[in-house]
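Heads up, the thing below is written out as structure tokens.
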Amino acid sequence: MMRVLFLRVAIGTCTAISLGAAAANAQSVKPKSPGEMAAASERIAERNENCRRQAREQHLHLVKRYHLMRDCKRQ
């Protein structure tokens with residue numbers, strides 16, 4: 001009984017992880033034309049600058065700044 005339950009949980013977990021990875025790959029479509037690449041680069045630069053500005057306003061340094069930048073970029 002415990003083995004069956006363990007196997008079901010293990011299979012369910014693996015399925016959820018693989019579906020999540022597939023969804024993440026589907027969302028990250030790489031730009032192909034030079035115009036798309038320039039626009040994507042500009043969006044990334046703007047996002048980075050906004051995150052830097054937030055860290056500067058909060059007077060964060062080192063680890064706290066790193067965590068804020070990481071979390072900010074993920075949004």
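Every chain in the structure tokens has a letter given in the order shown (A, B, ...), and although residue numbers restart at 1 in each chain, ligands are simply numbered from 1 in the order shown.
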Name the residues in contact with Gln75 (chain A) at a cut-off of 10 Å, using only C-alpha atoms, excluding same-chain residues fewer than 4 positions from it; report them as a PyMOL selection string.
chain A and resi 47+70-71
Those same residues, written as a PDB file, in the first residue's frame with N, CA and C atoms?
```
ATOM      1  N   ARG A  47      13.994  47.043 -18.177  1.00  0.00           N
ATOM      2  CA  ARG A  47      13.674  46.280 -16.969  1.00  0.00           C
ATOM      3  C   ARG A  47      14.843  46.334 -15.993  1.00  0.00           C
ATOM      4  N   ARG A  70      17.265  40.054  -8.743  1.00  0.00           N
ATOM      5  CA  ARG A  70      16.852  38.747  -9.243  1.00  0.00           C
ATOM      6  C   ARG A  70      15.329  38.631  -9.259  1.00  0.00           C
ATOM      7  N   ASP A  71      14.698  39.007  -8.151  1.00  0.00           N
ATOM      8  CA  ASP A  71      13.231  38.898  -8.063  1.00  0.00           C
ATOM      9  C   ASP A  71      12.548  39.879  -8.999  1.00  0.00           C
TER      10      ASP A  71
END
```
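For the atom pair formed by CA of Arg65 (chain A) and CA of Ala45 (chain A), the distance is 17.3 Å, given to one decimal.
Around Leu68 (chain A), within 9 Å and counting only C-alpha atoms, the residues found are A:Cys51, A:Arg52, A:Gln54, A:Ala55, A:Leu60, A:Val63, A:Lys64, A:Cys72, A:Lys73, once anything fewer than 4 positions away on its own chain is removed.
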